[in-house]
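To keep things clear, I will list the structure first and then write my remarks on it.
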Amino acid sequence: MSEAVILDQGVKVVQPAAVGQSLQAMAWRQLWRKRTALVGIGIIVVLVLTAILADVLAPYEPTATGSGVPMSLPNWQHPLGTDMLGRDMLSRVIYGSRVALFVGVLSLILPICAGIPLGVISGFYGGFLDNVIMRLMDIMLAFPIFLLAIVVMVILEPSTTNVVIALGIVRIPIYARIVRGSVLSIKALTYIEAAKALAVRDPRLLWEHILPNCMAPIIVTSTLSVGTSIIAEASLSFLGLGTQPPTPSWGWDLKAGLMILEINPWICLFPGLAIFLTVLAFNLFGDGLRDALDPRLKM
Amino acid sequence: MREYLLRRLLLLIPTLLGVTFIVFLMMHFIPGDPVTNMMGETYSAEDAQKLRHELGLDQPMVVQYGKWLVLLLRGDWGRSILSNRPVLADILYRLPVSLELLILSMVVSLIIAFPAGIIAAVWPNSWKDYSAMLVAMAGVSIPEFFLGVLLFLIFALTLRWFPVAGHINLLDNPGENLRHMLLPTIALGLPRAALLTRLVRASLLEVLRLEYVTTARAKGLSDWVVILRHALKNALIPTVTVIGLQVGFLIGAAIVVETLFAMPGIGSFGVDAIIKRDYPQVQAFVLVGALVFVLANLSVDLLYSVIDPRIQYGKEGT
């Protein structure tokens, strides 16, 4: 990638990297300069710490009914109030971060493990195999993603782990498509031709020369996917098809709060805000990463 | 062009057949049974078998699918297993509600996205750009149902400007209909508007760097003529593509919004049917959903050639 390509909206030209600086180091420096991305990283760090330290941070058991007067407004004992069963909302929101992060991060495993290989095979070998794989992916893409997730959830029975599987399955075609595109364009470059001329075998060629150069769009897509997965988990739980009670999930708590919205309007606000902030953080981070890793993808 | 359109429309038939057949198979392989759902806690195996026979659920799957298809073509979409109401009547009642929601929210998102995106692109790195992008970032991060709850809380529960729930037929009372539709429409449209704003800005920035734009400016055309008549047209192509792709997301998100606002749309109808294994209802839902999705994408493809005359269908190599 030539330095000239790295333009910031055609106005500011980024300083050329020092001689010998790796692309990764350059990307990190770029990311470090972007304040919005740093805000995103900050929120993510807080979120991860909250999830890890939930046992210490939460003042009450998140599933303990009657830890306060049901449906109470925010007060000193319960800073975010209580739900209709008298469970402490602050504790539930804190523990909800575990479900959100669990789904957000683990739902990337399936697309990475299945989507990337499929895309690599499709793009590298082409021909019949490419046709079969891509048509299959097209069929999957033809279904609206959320509907497909709903159908998978019904087949698998609603649970948090199954949300991870459902969201993983529906993402496979997206990853396969992205990787296939990258492989196709990289395959045509001269350095690959050179490697082939040196009799580098296919597996090594793919692993060492092609795959590392496909990673930028995958890393960006994955970061942004964490946010959409969290929204999807919350939406599925909202419909009753995701995380099942009494496990604290932001989506489910929001739905449950709807019933007592007139008595305690705060009840929906906090789980909703938690979802919003988390998704915002991953979007800010993902946006920054995209600008840093691949300026051509800039939006 | 006409030939192309005809070919695309004919291609719809195998697509719809394929989608409905796959769903048909899937629904039957899913654990769970409408008969046991219907009969409640206590029933004899004999009664269940009888009911299954009455409903035709004991026949081979291909036969069941064939029967469904033949009846479908005759205008008989079957009856809901659970409510025993004719499915077609329910669909015809609910489809306009969902279509109105989808179209209005698309309109809302376009009305917001274009001006905001253009302003952000024309003054890049200005306070206008930053504030538009900040709002857009917030917009893409907020889930529809949370936005819906916020709107509901502020405008329906607290200010009482809008009704809390329900739906009024568009033809019966257009004004009241709009009052009922507005909050769900905004809940569904705003996140889409945010996404499109970012896209319009990005594609317009890309186009504004091109030489033909410089030429147009050098000719002495005013800034707004250059932007609106010359640049925007080319920037529209990626935007329209994403609008087409968004239809799928929109259908998904509409389900949640319809559930939240208790609207008698087709989304809540479908999810309910899937959960309760009401096969005829699921089939109808999938058929209509797929049809809307495919037709929306077809319109997007046709729109390309309107926006960019270089794109022509029906010629060699297209």
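So you can find residues: chains in the structure tokens are A, B, ... in the order shown, residues in each start at 1, and ligands are numbered from 1 in order.
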Check every residue of chain A for an atom within 8 Å of chain B, counting only C-alpha atoms, and provide those that qualify as an NGL selection string.
:A and (9-10 or 143-147 or 150-151 or 154-155 or 227 or 231 or 235 or 238-239 or 254 or 261-262 or 265 or 268-269 or 272 or 275-277 or 279-280 or 283-284 or 298-299)
DSSP on the backbone, then: every residue of range 1-201 of chain A marked helix (DSSP H, G or I), written as a PyMOL selection string.
chain A and resi 3-5+23-33+35-52+54-57+89-106+109-125+127-142+145-156+160-187+190-197
For a quick check of understanding, using only C-alpha atoms, which of B:Leu72, B:Ile168, B:Leu182, B:Leu82 has the smallest distance to Met39 in chain B?
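Closest to Met39 in chain B, using only C-alpha atoms: B:Leu82.
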Give me, as a PyMOL selection string, all polymer residues having an atom no more than 9 Å from Leu298 in chain B, counting only C-alpha atoms and skipping those fewer than 4 positions away in the same chain.
chain B and resi 5+8-9+244+293-294+302-303
Restricting the output to C-alpha atoms, write the selected residues as a compact mmCIF listing (two decimals), in the first residue's frame.
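As a result, result.txt now contains:
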# COMPACT_ATOMS: atom_id res chain seq x y z
CA LEU B 5 -38.14 -7.49 -16.94
CA ARG B 8 -36.63 -11.44 -14.06
CA LEU B 9 -40.31 -11.86 -13.27
CA GLY B 244 -32.02 -2.67 -1.60
CA PHE B 293 -37.99 -8.90 -0.56
CA VAL B 294 -37.47 -10.11 -4.13
CA LEU B 302 -34.42 -1.35 -12.38
CA LEU B 303 -33.71 1.89 -10.58
